[in-house]
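What follows is the content of final-v9.txt (compact mmCIF, C-alpha atoms).
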# COMPACT_ATOMS: atom_id res chain seq x y z
CA MET A 1226 55.56 38.93 170.81
CA PRO A 1227 54.43 41.39 168.10
CA ARG A 1228 56.04 41.07 164.71
CA ARG A 1229 56.28 43.75 162.09
CA TYR A 1230 54.27 43.51 158.94
CA ASP A 1231 56.57 43.52 155.89
CA ALA A 1232 54.78 45.06 152.91
CA LEU A 1233 57.67 44.16 150.60
CA VAL A 1234 57.34 40.43 151.37
CA ASP A 1235 53.58 40.63 150.85
CA ARG A 1236 54.07 42.36 147.52
CA ARG A 1237 56.63 39.83 146.31
CA LEU A 1238 54.40 36.94 147.32
CA ALA A 1239 51.46 38.45 145.45
CA LEU A 1240 53.62 38.91 142.34
CA ALA A 1241 54.82 35.32 142.61
CA ALA A 1242 51.23 34.05 142.72
CA PHE A 1243 50.27 36.29 139.80
CA ARG A 1244 53.19 35.02 137.71
CA ALA A 1245 52.59 31.38 138.58
CA VAL A 1246 48.90 31.48 137.67
CA THR A 1247 49.58 33.35 134.43
CA ALA A 1248 52.37 30.98 133.42
CA ILE A 1249 50.18 27.94 134.06
CA VAL A 1250 47.39 29.45 131.95
CA VAL A 1251 49.82 30.13 129.07
CA ILE A 1252 51.32 26.63 129.19
CA ALA A 1253 47.84 25.10 129.39
CA ALA A 1254 46.74 27.16 126.36
CA ILE A 1255 49.71 25.98 124.29
CA ALA A 1256 49.13 22.37 125.40
CA TYR A 1257 45.46 22.66 124.46
CA GLN A 1258 46.35 23.91 120.98
CA VAL A 1259 48.74 20.98 120.59
CA PHE A 1260 45.90 18.63 121.58
CA LEU A 1261 43.57 20.24 119.03
CA ASN A 1262 46.18 19.95 116.29
CA ILE A 1263 46.87 16.31 117.14
CA ASP A 1264 43.14 15.56 117.19
CA SER A 1265 42.74 17.09 113.73
CA GLY A 1266 45.81 15.31 112.37
CA LEU A 1267 47.59 18.60 111.65
CA PHE A 1268 50.21 18.55 114.39
CA ARG A 1269 53.77 18.72 113.15
CA PRO A 1270 56.07 19.49 116.09
CA LEU A 1271 58.93 20.97 114.05
CA ARG A 1272 56.49 23.44 112.52
CA PHE A 1273 54.34 24.20 115.55
CA PHE A 1274 57.32 25.00 117.74
CA ALA A 1275 58.95 27.03 114.97
CA PHE A 1276 56.46 29.87 115.46
CA PHE A 1277 57.96 32.86 117.24
CA THR A 1278 54.67 33.20 119.12
CA ILE A 1279 55.02 29.75 120.67
CA LEU A 1280 58.71 30.22 121.47
CA SER A 1281 58.25 33.65 123.05
CA ASN A 1282 55.26 32.54 125.11
CA GLY A 1283 57.02 29.37 126.19
CA PHE A 1284 60.10 31.31 127.22
CA GLY A 1285 58.07 33.86 129.14
CA ALA A 1286 55.93 31.24 130.88
CA VAL A 1287 58.91 29.15 132.00
CA LEU A 1288 60.69 32.28 133.22
CA TRP A 1289 57.63 33.36 135.21
CA LEU A 1290 57.30 29.93 136.80
CA TRP A 1291 60.95 30.12 137.84
CA LEU A 1292 60.46 33.63 139.22
CA ALA A 1293 57.43 32.45 141.18
CA VAL A 1294 59.35 29.54 142.71
CA THR A 1295 62.39 31.68 143.58
CA TRP A 1296 60.50 34.79 144.73
CA ARG A 1297 62.47 35.01 147.98
CA ARG A 1298 65.84 35.27 146.22
CA ALA A 1299 67.57 38.59 145.67
CA ARG A 1300 67.18 40.03 142.17
CA THR A 1301 70.22 39.79 139.89
CA ARG A 1302 71.17 41.53 136.68
CA ARG A 1303 70.77 38.24 134.82
CA VAL A 1304 67.17 37.97 135.96
CA ASP A 1305 66.45 41.55 134.89
CA LEU A 1306 67.95 40.86 131.47
CA LEU A 1307 65.82 37.72 131.05
CA ARG A 1308 62.68 39.58 132.11
CA GLY A 1309 63.46 42.39 129.68
CA ALA A 1310 64.01 39.91 126.86
CA ALA A 1311 60.72 38.12 127.54
CA THR A 1312 58.89 41.46 127.66
CA LEU A 1313 60.42 42.52 124.35
CA TYR A 1314 59.61 39.27 122.54
CA LEU A 1315 56.00 39.20 123.69
CA VAL A 1316 55.34 42.86 122.91
CA VAL A 1317 56.74 42.38 119.40
CA THR A 1318 54.58 39.25 119.05
CA PHE A 1319 51.51 41.30 119.97
CA ILE A 1320 52.31 44.12 117.53
CA VAL A 1321 53.23 41.83 114.61
CA VAL A 1322 50.03 39.81 115.04
CA VAL A 1323 47.87 42.93 115.18
CA ILE A 1324 49.54 44.71 112.24
CA LEU A 1325 50.83 42.00 109.90
CA LEU A 1326 48.96 38.80 110.71
CA SER A 1327 45.37 39.85 111.20
CA GLY A 1328 43.30 37.17 109.46
CA ALA A 1329 46.33 35.06 108.53
CA GLU A 1330 46.03 31.28 108.72
CA LEU A 1331 48.23 30.17 111.61
CA GLN A 1332 48.54 26.96 113.60
CA VAL A 1333 47.37 28.86 116.71
CA ALA A 1334 43.77 28.68 115.55
CA ASP A 1335 41.60 28.32 118.67
CA TRP A 1336 40.30 31.77 119.65
CA ARG A 1337 40.96 31.17 123.35
CA VAL A 1338 44.56 30.17 122.72
CA ASP A 1339 44.94 33.10 120.34
CA PHE A 1340 43.70 35.48 123.03
CA VAL A 1341 46.08 34.11 125.68
CA VAL A 1342 49.30 33.94 123.65
CA HIS A 1343 48.80 36.92 121.34
CA LYS A 1344 47.04 39.40 123.61
CA LEU A 1345 46.68 38.49 127.30
CA PHE A 1346 50.25 37.46 128.14
CA PRO A 1347 51.90 40.32 126.18
CA VAL A 1348 49.74 42.86 128.03
CA LEU A 1349 50.29 41.25 131.45
CA ILE A 1350 54.06 41.08 131.00
CA VAL A 1351 54.15 44.84 130.38
CA VAL A 1352 52.00 45.40 133.49
CA ASP A 1353 54.41 43.19 135.45
CA TRP A 1354 57.41 45.19 134.16
CA LEU A 1355 55.77 48.40 135.38
CA LEU A 1356 54.70 46.99 138.75
CA ASP A 1357 58.06 45.33 139.40
CA PRO A 1358 60.74 47.27 137.48
CA PRO A 1359 64.31 45.94 137.18
CA GLU A 1360 66.61 46.28 140.15
CA THR A 1361 69.66 46.94 137.98
CA ASP A 1362 70.44 49.71 135.53
CA LEU A 1363 69.75 48.35 132.06
CA ARG A 1364 71.33 50.10 129.08
CA MET A 1365 70.73 50.20 125.35
CA THR A 1366 73.81 48.00 124.89
CA ASP A 1367 71.79 45.25 126.58
CA VAL A 1368 69.42 45.39 123.62
CA MET A 1369 72.09 43.70 121.54
CA LEU A 1370 71.85 40.70 123.85
CA TRP A 1371 68.07 40.66 123.49
CA LEU A 1372 68.35 40.67 119.70
CA ILE A 1373 70.48 37.50 119.53
CA PHE A 1374 67.52 35.13 119.80
CA PRO A 1375 65.30 36.85 117.16
CA LEU A 1376 68.23 37.07 114.74
CA VAL A 1377 69.10 33.38 115.19
CA TRP A 1378 65.43 32.45 114.82
CA LEU A 1379 65.15 34.54 111.65
CA ALA A 1380 68.27 33.02 110.09
CA LEU A 1381 67.17 29.46 110.83
CA THR A 1382 63.64 30.19 109.59
CA LEU A 1383 64.86 31.56 106.25
CA ILE A 1384 67.31 28.69 105.79
CA ARG A 1385 64.61 26.16 106.57
CA GLY A 1386 62.17 27.86 104.22
CA ALA A 1387 64.69 27.76 101.40
CA VAL A 1388 65.04 24.01 101.99
CA ASP A 1389 61.44 22.85 102.45
CA SER A 1390 59.46 25.90 101.20
CA TRP A 1391 57.61 26.34 104.53
CA TYR A 1392 57.57 29.61 106.42
CA PRO A 1393 55.72 30.20 109.70
CA TYR A 1394 54.55 33.66 108.64
CA PRO A 1395 53.50 34.87 105.18
CA PHE A 1396 55.63 38.04 105.31
CA LEU A 1397 58.75 35.83 105.40
CA ASP A 1398 57.69 33.81 102.35
CA PRO A 1399 59.36 35.10 99.16
CA ASP A 1400 56.54 33.56 97.11
CA GLN A 1401 54.21 36.15 98.66
CA GLY A 1402 56.04 39.15 97.22
CA GLY A 1403 59.65 38.29 96.52
CA TYR A 1404 62.80 38.64 98.56
CA ARG A 1405 62.60 42.43 98.40
CA SER A 1406 59.30 42.30 100.29
CA VAL A 1407 60.83 39.89 102.81
CA GLY A 1408 63.77 42.24 103.25
CA TYR A 1409 61.50 45.24 103.86
CA HIS A 1410 59.51 43.37 106.48
CA VAL A 1411 62.61 42.03 108.21
CA ILE A 1412 64.22 45.49 108.41
CA ALA A 1413 61.00 47.05 109.68
CA ILE A 1414 60.53 44.37 112.34
CA LEU A 1415 64.16 44.57 113.49
CA ALA A 1416 63.85 48.35 113.73
CA GLY A 1417 60.69 47.79 115.76
CA PHE A 1418 62.61 45.45 118.06
CA VAL A 1419 65.19 48.17 118.75
CA VAL A 1420 62.59 50.91 119.33
CA ILE A 1421 60.46 48.75 121.61
CA ALA A 1422 63.54 47.57 123.50
CA GLY A 1423 64.48 51.21 124.07
CA LEU A 1424 61.01 51.89 125.47
CA ILE A 1425 61.27 48.86 127.75
CA VAL A 1426 64.63 50.09 129.08
CA ALA A 1427 63.18 53.58 129.59
CA LEU A 1428 60.12 52.22 131.42
CA GLY A 1429 62.39 50.12 133.60
CA ASP A 1430 64.49 53.15 134.49
CA TRP A 1431 61.38 55.21 135.25
CA GLY A 1432 59.93 52.50 137.46
CA ARG A 1433 63.17 51.96 139.34
CA ASP A 1434 63.64 55.69 139.93
CA ARG A 1435 60.06 55.97 141.19
CA ARG A 1436 60.60 53.06 143.58
CA LEU A 1437 63.85 54.60 144.90
CA ARG A 1438 62.09 57.91 145.52
CA GLN A 1439 59.36 56.11 147.43
CA ALA A 1440 61.98 54.19 149.44
CA ARG A 1441 63.79 57.41 150.36
CA GLY A 1442 60.50 58.97 151.39
CA GLY A 1443 59.69 55.97 153.57
CA THR A 1444 63.13 56.10 155.19
CA ALA A 1445 62.83 59.81 155.83
CA SER A 1446 59.54 59.30 157.65
CA GLY A 1447 61.02 56.58 159.84
CA ASP A 1448 59.65 53.58 157.93
CA PRO A 1449 61.78 50.82 156.36
CA PRO A 1450 62.50 51.10 152.61
CA GLY A 1451 60.32 48.08 151.84
CA GLY A 1452 57.14 49.77 153.06
CA ARG A 1453 55.44 50.92 156.23
CA GLY A 1454 56.16 48.90 159.32
CA VAL A 1455 52.92 48.02 161.12
CA ALA A 1456 52.84 46.08 164.35
CA GLU A 1457 50.86 42.89 163.91
CA PRO A 1458 49.91 40.51 166.71
CA GLY A 1459 51.65 37.19 166.46
Could I get this file's structure written as structure tokens?
Amino acid sequence: MPRRYDALVDRRLALAAFRAVTAIVVIAAIAYQVFLNIDSGLFRPLRFFAFFTILSNGFGAVLWLWLAVTWRRARTRRVDLLRGAATLYLVVTFIVVVILLSGAELQVADWRVDFVVHKLFPVLIVVDWLLDPPETDLRMTDVMLWLIFPLVWLALTLIRGAVDSWYPYPFLDPDQGGYRSVGYHVIAILAGFVVIAGLIVALGDWGRDRRLRQARGGTASGDPPGGRGVAEPG
């Protein structure tokens, strides 16, 4: 008996595979950098995993693995919020590395790892956000939720630095220009978080509206909202 081809299921399965492969590559890259640091005798877990780069990439990779495993489940607002948060953190990671940390001495030293965690994953997560926009209506008030983690990380980082004089990034080190310089950088980065979060929300709204228009067009022409129904022998 013929069965109908479901383009929506095909699309979700392809996205799940894309997310799973990407997440595995990111986790493998971080694990490889850990191995290199251990081999050189420089690995200090409480410092390595204090980098925002490592935390944001780890969060995004674990989230993508979970999304890949649960690709059949209906999308919820919580999932959309988590995806938006991961997108925000990785985009900010990309921008900060390009603008503030070019040439800086970081524990993510291998060029392949640097490419994956600082460039590849941030770009792919934006592509994913555009290809698969949120199902729910995100608002700027949701940005406040996304800012909780960076603010907690910043507070703990500054407290730790005051105690043991180690900072993961030079722009947070008062010895590099005083607390006024640290304050300027922190304010600028937090402002960047808000602006970028606003753009992410706007892109999500645009993508969702575009998908709804396509769904209405498909329904009007007699096709199901998920895509064109094509009879397939089975």
Per residue of stretch 1300-1329 of chain A within 9 Å of stretch 1280-1289 of chain A, which atom pair is closest and at what distance in Å (one decimal), using only C-alpha atoms, listed by chain and increasing number, as CSV?
residue,atom,partner,partner_atom,distance
A:Leu1307,CA,A:Leu1288,CA,7.8
A:Arg1308,CA,A:Leu1288,CA,7.6
A:Ala1310,CA,A:Gly1285,CA,8.8
A:Ala1311,CA,A:Gly1285,CA,5.3
A:Thr1312,CA,A:Gly1285,CA,7.8
A:Tyr1314,CA,A:Ser1281,CA,5.8
A:Leu1315,CA,A:Ser1281,CA,6.0
A:Thr1318,CA,A:Ser1281,CA,7.8
Neighbours of A:Val1246 within 12 Å (all atoms listed in the file; same-chain residues fewer than 4 positions away dropped), as an mmCIF file with C-alpha atoms, keeping the file's coordinate frame?
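Output file around_11.cif follows:
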data_model
loop_
_atom_site.group_PDB
_atom_site.id
_atom_site.type_symbol
_atom_site.label_atom_id
_atom_site.label_comp_id
_atom_site.auth_asym_id
_atom_site.auth_seq_id
_atom_site.Cartn_x
_atom_site.Cartn_y
_atom_site.Cartn_z
ATOM 1 C CA ALA A 1239 51.460 38.450 145.450
ATOM 2 C CA LEU A 1240 53.620 38.910 142.340
ATOM 3 C CA ALA A 1241 54.820 35.320 142.610
ATOM 4 C CA ALA A 1242 51.230 34.050 142.720
ATOM 5 C CA VAL A 1250 47.390 29.450 131.950
ATOM 6 C CA VAL A 1251 49.820 30.130 129.070
ATOM 7 C CA ILE A 1252 51.320 26.630 129.190
ATOM 8 C CA ALA A 1253 47.840 25.100 129.390
ATOM 9 C CA ALA A 1286 55.930 31.240 130.880
ATOM 10 C CA VAL A 1287 58.910 29.150 132.000
ATOM 11 C CA TRP A 1289 57.630 33.360 135.210
ATOM 12 C CA LEU A 1290 57.300 29.930 136.800
ATOM 13 C CA LEU A 1292 60.460 33.630 139.220
ATOM 14 C CA ALA A 1293 57.430 32.450 141.180
ATOM 15 C CA VAL A 1294 59.350 29.540 142.710
ATOM 16 C CA PHE A 1346 50.250 37.460 128.140
ATOM 17 C CA LEU A 1349 50.290 41.250 131.450
#
What is the atom CA of A:His1410-atom CA of A:Arg1337 distance in Å, reported with one decimal?
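Between atom CA of A:His1410 and atom CA of A:Arg1337 the gap is 27.9 Å.
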Among listed residues A:Tyr1409, A:Phe1277, A:Trp1296, A:Phe1319, nearest A:Val1377 (using only C-alpha atoms)
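Of A:Tyr1409, A:Phe1277, A:Trp1296, A:Phe1319, the one nearest A:Val1377 is A:Phe1277, counting only C-alpha atoms.
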Centre and edge lengths of an axis-aligned box around all listed atoms of stretch 1405-1415 of chain A, with 3 Å added on each side, are to be given in Å to one decimal, as AutoDock Vina command-line options.
--center_x 61.8 --center_y 43.5 --center_z 105.9 --size_x 10.9 --size_y 13.2 --size_z 21.1
Residue neighbourhood A:Ala1254, 10 Å, all atoms listed in the file, exclusion window fewer than 2 positions, as a list of chain:residue names
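Returned residues: A:Ala1248, A:Ile1249, A:Val1250, A:Val1251, A:Ile1252, A:Ala1256, A:Tyr1257, A:Gln1258, A:Val1259, A:Phe1260, A:Val1333, A:Asp1335, A:Arg1337, A:Val1338, A:Asp1339, A:Phe1340, A:Val1341, A:Val1342.
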Counting all atoms listed in the file, which of A:Ile1255, A:Leu1372, A:Leu1415, A:Leu1428 gets nearest to A:Phe1276?
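Checking each candidate against A:Phe1276, we get A:Ile1255 as the closest.
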Long-range neighbours of A:Gly1423 as a PDB file with C-alpha atoms, in the frame of the given file, 9 Å cut-off, only C-alpha atoms, 6 positions minimum in chain:
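Generated file (around-v6.pdb):
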ATOM      1  CA  ARG A1364      71.330  50.100 129.080  1.00  0.00           C
ATOM      2  CA  MET A1365      70.730  50.200 125.350  1.00  0.00           C
ATOM      3  CA  VAL A1368      69.420  45.390 123.620  1.00  0.00           C
TER       4      VAL A1368
END
Which residue out of A:Val1348, A:Leu1325, A:Leu1355, A:Thr1361 has the minimum interatomic distance to A:Thr1301 when only C-alpha atoms are used?
A:Thr1361
Nearest to A:Pro1358, restricted to all atoms listed in the file and choosing among A:Val1426, A:Ala1299, A:Leu1370, A:Ala1413, comes out as A:Val1426
Interatomic distance between atom CA of A:Ile1350 and atom CA of A:Leu1313?
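Going from atom CA of A:Ile1350 over to atom CA of A:Leu1313 covers 9.3 Å.
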For each of A:Ile1279, A:Ala1422, A:Arg1298, A:Val1352, take the minimum atom-to-atom distance to A:Thr1366, counting all atoms listed in the file, then give the residue where this is smallest.
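Among A:Ile1279, A:Ala1422, A:Arg1298, A:Val1352, it is A:Ala1422 that comes nearest to A:Thr1366.
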What gap, in Å, lies between atom CA of A:Arg1244 and atom CA of A:Thr1295?
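Taking atom CA of A:Arg1244 as the start and atom CA of A:Thr1295 as the end point, the length is 11.4 Å.
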Top pick for closest residue to A:Asp1430, considering A:Leu1363, A:Leu1238, A:Ala1380, A:Ile1414 and counting all atoms listed in the file
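Result for the nearest residue to A:Asp1430: A:Leu1363.
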